[in-house]
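Below: start.cif (mmCIF, C-alpha atoms)
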data_query
#
loop_
_atom_site.label_atom_id
_atom_site.label_comp_id
_atom_site.auth_asym_id
_atom_site.auth_seq_id
_atom_site.Cartn_x
_atom_site.Cartn_y
_atom_site.Cartn_z
CA MET A 1 -2.16 -58.54 -37.27
CA ILE A 2 -3.38 -57.34 -33.88
CA GLU A 3 0.04 -55.99 -32.90
CA TYR A 4 -0.25 -53.49 -35.76
CA MET A 5 -3.77 -52.39 -34.80
CA ASP A 6 -4.59 -49.47 -32.52
CA HIS A 7 -7.64 -51.47 -31.35
CA SER A 8 -8.06 -55.23 -31.68
CA PRO A 9 -11.19 -56.47 -33.53
CA ARG A 10 -12.64 -57.46 -30.14
CA VAL A 11 -12.17 -53.90 -28.87
CA LEU A 12 -13.60 -52.49 -32.10
CA ASN A 13 -16.69 -54.55 -31.54
CA ALA A 14 -16.97 -53.34 -27.92
CA MET A 15 -16.52 -49.74 -29.12
CA LEU A 16 -19.31 -50.17 -31.65
CA MET A 17 -21.62 -51.60 -28.98
CA ALA A 18 -20.74 -48.68 -26.70
CA GLY A 19 -21.64 -46.24 -29.48
CA SER A 20 -18.13 -45.01 -30.36
CA TYR A 21 -18.89 -45.38 -34.06
CA ASP A 22 -16.88 -42.32 -35.07
CA ASP A 23 -13.72 -43.50 -33.27
CA VAL A 24 -14.00 -46.86 -35.01
CA LEU A 25 -14.26 -45.19 -38.42
CA ARG A 26 -11.19 -43.04 -37.65
CA SER A 27 -9.12 -45.97 -36.41
CA ARG A 28 -6.14 -47.38 -38.25
CA ALA A 29 -7.08 -50.87 -37.10
CA ILE A 30 -9.71 -51.43 -39.80
CA TRP A 31 -7.12 -50.48 -42.43
CA VAL A 32 -4.56 -52.96 -41.09
CA CYS A 33 -6.91 -55.77 -42.14
CA THR A 34 -5.68 -57.21 -45.45
CA GLY A 35 -8.91 -59.09 -46.13
CA CYS A 36 -7.36 -62.56 -45.95
CA TYR A 37 -10.54 -63.99 -44.36
CA GLY A 38 -8.39 -65.94 -41.86
CA CYS A 39 -10.58 -64.75 -38.97
CA THR A 40 -13.81 -65.61 -40.80
CA VAL A 41 -12.48 -69.11 -41.47
CA GLU A 42 -11.37 -69.61 -37.87
CA CYS A 43 -14.30 -67.98 -36.03
CA PRO A 44 -16.08 -70.69 -33.97
CA LYS A 45 -19.32 -68.66 -34.16
CA GLN A 46 -19.05 -68.15 -37.94
CA LEU A 47 -19.15 -64.39 -37.52
CA PRO A 48 -18.59 -62.45 -40.74
CA VAL A 49 -15.59 -60.58 -39.27
CA THR A 50 -13.87 -59.69 -42.55
CA GLU A 51 -17.07 -58.52 -44.23
CA SER A 52 -17.83 -56.34 -41.19
CA ILE A 53 -14.41 -54.73 -41.40
CA TYR A 54 -14.93 -54.13 -45.13
CA ALA A 55 -18.24 -52.41 -44.32
CA LEU A 56 -16.43 -50.22 -41.75
CA LYS A 57 -13.78 -49.34 -44.33
CA ARG A 58 -16.46 -48.23 -46.78
CA ALA A 59 -18.20 -46.22 -44.08
CA SER A 60 -14.88 -44.62 -43.14
CA ILE A 61 -14.29 -43.51 -46.73
CA ARG A 62 -17.88 -42.35 -47.13
CA ALA A 63 -17.67 -40.27 -43.95
CA ASP A 64 -14.31 -39.01 -45.22
CA VAL A 65 -12.57 -39.73 -41.90
CA TYR A 66 -10.10 -42.41 -43.00
CA PRO A 67 -6.49 -41.83 -41.81
CA ARG A 68 -4.98 -39.65 -44.55
CA ARG A 69 -1.33 -40.59 -44.13
CA PHE A 70 -1.94 -44.29 -43.68
CA VAL A 71 -0.96 -46.43 -46.65
CA THR A 72 -3.88 -48.83 -47.10
CA PRO A 73 -6.88 -46.47 -47.49
CA VAL A 74 -4.88 -44.38 -49.96
CA LEU A 75 -3.87 -47.58 -51.75
CA ALA A 76 -7.48 -48.74 -51.98
CA ARG A 77 -8.64 -45.44 -53.46
CA GLN A 78 -5.79 -45.15 -55.97
CA PHE A 79 -6.26 -48.78 -56.95
CA VAL A 80 -9.99 -48.29 -57.56
CA ARG A 81 -9.34 -45.17 -59.64
CA LEU A 82 -6.92 -47.05 -61.88
CA VAL A 83 -9.15 -50.12 -62.25
CA ASP A 84 -12.17 -47.91 -63.00
CA ARG A 85 -10.25 -46.12 -65.72
CA ARG A 86 -8.39 -48.97 -67.42
CA GLY A 87 -9.98 -52.18 -66.17
CA ARG A 88 -6.62 -53.51 -65.06
CA SER A 89 -4.16 -52.64 -62.35
CA SER A 90 -0.53 -51.70 -62.76
CA GLU A 91 1.75 -52.48 -59.86
CA ALA A 92 4.30 -49.89 -61.00
CA TRP A 93 1.83 -47.00 -61.17
CA ILE A 94 -0.01 -47.99 -58.01
CA SER A 95 3.23 -48.16 -56.01
CA LEU A 96 4.46 -44.89 -57.44
CA SER A 97 1.29 -42.90 -56.73
CA LEU A 98 0.96 -44.53 -53.32
CA TYR A 99 4.45 -43.58 -52.13
CA LEU A 100 4.21 -40.08 -53.62
CA ARG A 101 1.08 -39.51 -51.55
CA THR A 102 2.15 -41.14 -48.32
CA ARG A 103 5.93 -41.50 -47.97
CA PRO A 104 7.71 -39.85 -50.90
CA PHE A 105 11.19 -40.34 -49.44
CA GLN A 106 10.70 -44.10 -49.26
CA LEU A 107 10.71 -44.11 -53.07
CA LEU A 108 14.47 -43.69 -53.05
CA ARG A 109 14.83 -46.66 -50.76
CA TYR A 110 12.78 -48.92 -53.02
CA ALA A 111 14.20 -47.65 -56.32
CA PRO A 112 16.91 -50.36 -56.51
CA VAL A 113 14.32 -53.12 -56.00
CA ALA A 114 12.06 -51.57 -58.65
CA LEU A 115 14.95 -51.43 -61.12
CA ARG A 116 15.82 -55.07 -60.50
CA LEU A 117 12.17 -56.08 -61.03
CA MET A 118 12.05 -54.04 -64.24
CA ARG A 119 15.17 -55.69 -65.58
CA ARG A 120 13.47 -59.06 -65.10
CA GLY A 121 10.31 -57.88 -66.86
CA ARG A 122 8.30 -58.06 -63.65
CA LEU A 123 7.38 -54.41 -63.33
CA PRO A 124 6.05 -53.27 -66.70
CA LEU A 125 5.77 -49.49 -66.90
CA ARG A 126 3.12 -49.43 -69.61
CA PRO A 127 -0.25 -49.76 -67.84
CA ASP A 128 -2.38 -52.60 -69.16
CA SER A 129 -6.00 -52.13 -70.17
CA VAL A 130 -9.12 -54.04 -71.21
CA ARG A 131 -9.93 -53.87 -74.93
CA LYS A 132 -12.87 -51.50 -74.61
CA PRO A 133 -12.73 -49.62 -71.32
CA ALA A 134 -15.96 -47.86 -72.30
CA GLN A 135 -17.87 -51.12 -71.92
CA LEU A 136 -16.58 -51.57 -68.38
CA HIS A 137 -17.24 -47.92 -67.59
CA LYS A 138 -20.90 -48.49 -68.49
CA VAL A 139 -21.13 -51.48 -66.14
CA LEU A 140 -19.65 -49.50 -63.26
CA GLU A 141 -21.68 -46.37 -63.97
CA ALA A 142 -24.88 -48.40 -63.99
CA LEU A 143 -24.07 -49.38 -60.42
CA ASP A 144 -23.24 -45.77 -59.49
CA VAL A 145 -26.81 -44.64 -59.86
CA THR A 146 -28.23 -47.21 -57.51
CA SER A 147 -25.26 -47.40 -55.14
CA GLY A 148 -27.00 -47.34 -51.78
CA GLU A 149 -25.47 -48.28 -48.45
CA ASP A 150 -24.60 -51.88 -48.00
CA ALA A 151 -23.15 -51.80 -44.52
CA MET B 1 -8.35 -81.25 -71.53
CA SER B 2 -8.30 -77.50 -71.16
CA TYR B 3 -9.27 -74.83 -68.67
CA THR B 4 -10.17 -71.19 -68.97
CA TYR B 5 -7.32 -69.36 -67.36
CA TYR B 6 -7.71 -66.09 -65.49
CA PRO B 7 -4.21 -64.65 -64.90
CA GLY B 8 -5.05 -61.44 -63.03
CA CYS B 9 -2.85 -58.35 -62.93
CA SER B 10 -0.10 -59.71 -60.67
CA ALA B 11 0.65 -62.74 -62.84
CA LYS B 12 1.44 -60.26 -65.63
CA GLY B 13 3.71 -58.24 -63.32
CA THR B 14 5.61 -59.14 -60.19
CA GLY B 15 4.03 -62.62 -60.18
CA ARG B 16 5.35 -63.42 -63.64
CA SER B 17 7.47 -66.30 -62.36
CA TYR B 18 4.31 -67.92 -60.97
CA GLU B 19 2.59 -67.71 -64.36
CA GLU B 20 5.62 -69.14 -66.15
CA SER B 21 5.88 -72.13 -63.80
CA LEU B 22 2.10 -72.65 -63.97
CA HIS B 23 2.23 -72.93 -67.77
CA ALA B 24 5.20 -75.30 -67.50
CA VAL B 25 3.40 -77.56 -65.00
CA PHE B 26 0.13 -77.64 -66.93
CA GLY B 27 2.05 -78.26 -70.15
CA ALA B 28 3.75 -81.26 -68.55
CA LEU B 29 0.33 -82.52 -67.43
CA GLY B 30 -0.99 -82.27 -70.97
CA THR B 31 -3.56 -79.67 -69.96
CA ARG B 32 -4.09 -76.51 -71.95
CA LEU B 33 -4.73 -73.16 -70.31
CA ASP B 34 -6.78 -70.82 -72.51
CA GLU B 35 -6.36 -67.28 -71.25
CA LEU B 36 -9.71 -65.54 -70.83
CA LYS B 37 -9.99 -62.90 -73.53
CA ASP B 38 -10.38 -59.28 -72.43
CA TRP B 39 -10.37 -60.11 -68.72
CA ASN B 40 -10.48 -57.26 -66.24
CA CYS B 41 -8.96 -56.83 -62.79
CA CYS B 42 -10.67 -58.91 -60.08
CA GLY B 43 -10.82 -56.00 -57.65
CA ALA B 44 -8.41 -57.74 -55.27
CA SER B 45 -8.60 -56.76 -51.60
CA GLY B 46 -8.79 -53.02 -52.31
CA TYR B 47 -11.98 -52.66 -54.33
CA PRO B 48 -14.40 -54.12 -51.73
CA ALA B 49 -13.09 -51.48 -49.30
CA VAL B 50 -14.50 -48.79 -51.57
CA ASP B 51 -17.57 -50.24 -53.32
CA ALA B 52 -19.04 -53.68 -52.64
CA ALA B 53 -21.45 -53.90 -55.58
CA LYS B 54 -18.87 -52.83 -58.15
CA ALA B 55 -16.38 -55.30 -56.68
CA VAL B 56 -18.89 -58.08 -57.39
CA ALA B 57 -19.50 -56.68 -60.88
CA LEU B 58 -15.80 -56.87 -61.77
CA SER B 59 -15.58 -60.63 -61.25
CA ALA B 60 -19.11 -61.13 -62.61
CA ARG B 61 -17.94 -59.62 -65.90
CA ASN B 62 -15.01 -62.07 -65.99
CA LEU B 63 -17.26 -65.03 -65.20
CA ALA B 64 -19.75 -63.90 -67.85
CA LEU B 65 -16.94 -63.65 -70.39
CA ALA B 66 -15.81 -67.16 -69.46
CA GLU B 67 -19.35 -68.48 -69.93
CA SER B 68 -19.89 -66.84 -73.28
CA ALA B 69 -16.52 -68.17 -74.49
CA GLN B 70 -17.54 -71.73 -73.68
CA PRO B 71 -19.04 -73.68 -76.59
CA GLY B 72 -21.51 -75.90 -74.72
CA PRO B 73 -23.66 -75.72 -71.59
CA GLY B 74 -22.53 -76.81 -68.13
CA PRO B 75 -20.40 -75.22 -65.44
CA VAL B 76 -17.33 -73.33 -66.54
CA ASP B 77 -14.05 -74.22 -64.88
CA VAL B 78 -11.98 -71.11 -64.47
CA ILE B 79 -8.50 -71.38 -63.08
CA ALA B 80 -7.43 -68.40 -61.02
CA PRO B 81 -3.98 -69.24 -59.64
CA CYS B 82 -3.66 -65.97 -57.70
CA ALA B 83 -5.12 -66.30 -54.19
CA GLY B 84 -6.57 -62.77 -54.37
CA CYS B 85 -8.27 -63.33 -57.74
CA TYR B 86 -9.56 -66.72 -56.62
CA ARG B 87 -11.05 -65.17 -53.50
CA ALA B 88 -12.70 -62.36 -55.50
CA MET B 89 -14.24 -64.86 -57.93
CA LEU B 90 -15.44 -67.16 -55.19
CA LYS B 91 -16.97 -64.23 -53.29
CA THR B 92 -18.71 -63.09 -56.45
CA GLU B 93 -20.01 -66.52 -57.25
CA ARG B 94 -21.43 -66.87 -53.72
CA ALA B 95 -22.92 -63.35 -53.78
CA LEU B 96 -24.64 -64.09 -57.10
CA ALA B 97 -25.89 -67.46 -55.91
CA ASP B 98 -27.12 -66.32 -52.49
CA ASP B 99 -28.35 -62.78 -52.95
CA GLY B 100 -31.07 -62.14 -55.51
CA ALA B 101 -30.89 -58.36 -55.08
CA VAL B 102 -27.15 -58.29 -55.84
CA THR B 103 -27.67 -60.58 -58.83
CA ALA B 104 -30.40 -58.36 -60.25
CA ARG B 105 -28.34 -55.18 -59.85
CA VAL B 106 -25.08 -56.58 -61.17
CA GLY B 107 -26.81 -58.56 -63.93
CA GLY B 108 -28.73 -55.43 -64.93
CA ALA B 109 -25.53 -53.39 -65.07
CA LEU B 110 -23.81 -56.00 -67.25
CA ASP B 111 -26.84 -56.30 -69.53
CA ALA B 112 -27.12 -52.54 -69.91
CA ALA B 113 -23.49 -52.24 -70.93
CA GLY B 114 -23.55 -55.21 -73.34
CA PRO B 115 -22.40 -57.31 -75.07
CA VAL B 116 -21.32 -59.36 -72.06
CA GLN B 117 -24.23 -61.08 -70.34
CA LEU B 118 -24.64 -63.18 -67.27
CA VAL B 119 -25.99 -66.36 -68.78
CA LYS B 120 -26.34 -68.28 -65.56
CA MET B 121 -24.97 -68.00 -62.09
CA MET B 122 -23.61 -71.44 -61.27
CA VAL B 123 -20.02 -70.97 -62.27
CA TRP B 124 -17.26 -72.71 -60.43
CA PRO B 125 -14.17 -70.56 -60.28
CA CYS B 126 -12.29 -73.68 -59.36
CA ASP B 127 -13.02 -77.13 -58.12
CA GLN B 128 -14.49 -77.32 -54.63
CA ARG B 129 -14.91 -81.08 -54.62
CA ALA B 130 -12.58 -83.30 -52.68
CA GLY B 131 -11.05 -86.09 -54.68
CA PRO B 132 -8.38 -88.77 -54.69
CA GLY B 133 -5.84 -86.03 -55.40
CA ASP B 134 -6.24 -84.93 -51.80
CA ASP B 135 -3.88 -87.59 -50.57
CA VAL B 136 -1.35 -86.71 -53.24
CA LEU B 137 -0.95 -83.18 -51.96
CA PRO B 138 -2.49 -83.34 -48.49
CA GLY B 139 -0.97 -80.09 -47.28
CA LEU B 140 -2.27 -78.08 -50.19
CA ALA B 141 -5.66 -79.71 -50.39
CA ALA B 142 -6.30 -79.65 -46.66
CA GLY B 143 -8.01 -76.28 -46.87
CA GLY B 144 -7.52 -73.37 -44.55
CA PRO B 145 -6.95 -69.79 -45.62
CA GLY B 146 -5.10 -69.46 -48.90
CA ALA B 147 -4.95 -73.18 -49.59
CA GLY B 148 -8.25 -73.40 -51.46
CA HIS B 149 -6.89 -72.05 -54.68
CA MET B 150 -4.49 -74.95 -54.95
CA LYS B 151 -7.29 -77.49 -55.23
CA HIS B 152 -7.67 -77.09 -58.96
CA LEU B 153 -4.02 -78.06 -59.33
CA VAL B 154 -4.84 -81.27 -57.52
CA GLU B 155 -7.72 -81.90 -59.88
CA ALA B 156 -5.59 -81.13 -62.89
CA ALA B 157 -3.07 -83.66 -61.61
CA GLN B 158 -5.82 -86.31 -61.51
CA HIS B 159 -6.91 -85.58 -65.07
CA GLY B 160 -3.39 -85.53 -66.40
CA PRO B 161 -2.04 -88.05 -68.92
#
Let me see the file written as structure tokens.
Amino acid sequence: MIEYMDHSPRVLNAMLMAGSYDDVLRSRAIWVCTGCYGCTVECPKQLPVTESIYALKRASIRADVYPRRFVTPVLARQFVRLVDRRGRSSEAWISLSLYLRTRPFQLLRYAPVALRLMRRGRLPLRPDSVRKPAQLHKVLEALDVTSGEDA
Amino acid sequence: MSYTYYPGCSAKGTGRSYEESLHAVFGALGTRLDELKDWNCCGASGYPAVDAAKAVALSARNLALAESAQPGPGPVDVIAPCAGCYRAMLKTERALADDGAVTARVGGALDAAGPVQLVKMMVWPCDQRAGPGDDVLPGLAAGGPGAGHMKHLVEAAQHGP
């Protein structure tokens, strides 16, 4: 993953200790992390690396400084909006809204793959939903009120 | 023998082949998979990047549904074949077991919304115990990132006909 990051996790940590908090929040590096927990599993000091990066991602969104044209923060926000509304995700709609917002011309490139997936019934267009989204909305809203900072 | 089965969004979409082969394998093992009714998205890797407490609540709702669907007491075995869903459930289970403040907030939110309730917190999303199956599928059962979610398959193999 490091080769895709503008700063390695080690450098991010050094930047934080040096007080460059804002640069860390604006970095693409934290958004390259897929959250696989590989580093947390491997860390000989049992450092919560993945959880720390998640906290930085949340801080980056809260401070509204996340990289606008980068795929993953946009993906995360679109994904959350869809899950909040319907309780389930839809790969077709997530991909569509993601590419429209970040790289609209790539849609043409991926259209043949999407069509093949659809033909096999692997990319349903009708978004799925929980039975009573209102019940889930209440759960999530109850956490809205008290949502403090967790970083 | 049956398990509560949590498919997750991908198994109903691009991961459909995985779900189909899973049902075929469990069928051959004589084990029934009962799909959790009214399950919601686990939050995957995206939700915790936006809101940590709500990400826990998503899987907590699924675990609560699994508990209320179970007839008797005792831990609920939920099978989550997707690595992302498994991870979200395991994270939630740990957060609820380790952090009283999170449990109170998430439990309160679920209670307020009703009718789903968190009955108790000790839910095993899948089997964490090592068993004789480990030498059947050593590579899968050995652990390491991403391998954990295969352990329930090992256990299912032990309990098969």
Problem set entry | Atomic separation - CA of Cys9 (chain B) relative to CA of Ala52 (chain B), Å |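 Result for CA of Ala52 (chain B) versus CA of Cys9 (chain B): 19.7 Å, one decimal.
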Seminar exercise, completed: As a check of understanding: the span from CA of Met89 (chain B) to CA of Gly87 (chain A) is 15.7 Å
For this session: Step by step, work through what the PyMOL selection byres ((chain A) within 6 of (chain B)) selects in the shown file, and finish by giving those residues as a ChimeraX atom specification.
Result: /A:35,38,54,57-58,76,80,87-89,122-123,130-131,135,138-139,142
For this session: Find the distance between CA of Leu117 (chain A) and CA of Ile94 (chain A) and write it in Å to one decimal.
Result: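 Going from CA of Leu117 (chain A) over to CA of Ile94 (chain A) covers 14.9 Å.
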Exercise. Could you pull the residues within 9 Å of Arg126 (chain A), counting only C-alpha atoms, minus those fewer than 5 positions along the same chain, as an MDAnalysis selection string?
Worked result: chainID A and resid 90 92:93
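With all atoms listed in the file as the atoms that count, the minimum distance from Ile79 (chain B) to the choices B:Ala60, B:Leu65, B:Leu36, B:Leu96 is reached by B:Leu36.
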For this session: Can you turn the PyMOL selection byres ((chain A and resi 1-6) around 12) into a concrete residue list for this file, as a ChimeraX atom specification?
Result: /A:7-12,23-24,26-36,38-39
Given 5 Å of margin on each side, can you work out the centre and size in Å (one decimal) of an axis-aligned box holding every listed atom of region 7-25 of chain B, as AutoDock Vina command-line options?
--center_x 1.2 --center_y -67.9 --center_z -64.0 --size_x 22.5 --size_y 29.3 --size_z 17.6
For this session: Take the point (-16.4, -67.4, -67.6) as written in the file and pick out every residue within 9 Å of it, counting all atoms listed in the file; give the list as an MDAnalysis selection string.
Result: chainID B and resid 4 36 60:70 76:78 123:125
For Arg69 (chain A), work out the shell of residues within 10 Å, counting all atoms listed in the file and skipping chain neighbours fewer than 5 positions away, then give it as a CSV table (one decimal) with C-alpha atoms, in the frame of the given file.
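Output file result_33.csv is given in full below:
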chain,number,residue,atom,x,y,z
A,74,VAL,CA,-4.9,-44.4,-50.0
A,101,ARG,CA,1.1,-39.5,-51.6
A,102,THR,CA,2.2,-41.1,-48.3
A,103,ARG,CA,5.9,-41.5,-48.0
Problem set entry | Which of B:His23, B:Asp34, B:Tyr3, B:Ser59 sits closest to Glu93 (chain B) [using only C-alpha atoms] |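 Under the stated criterion, the closest residue is B:Ser59.
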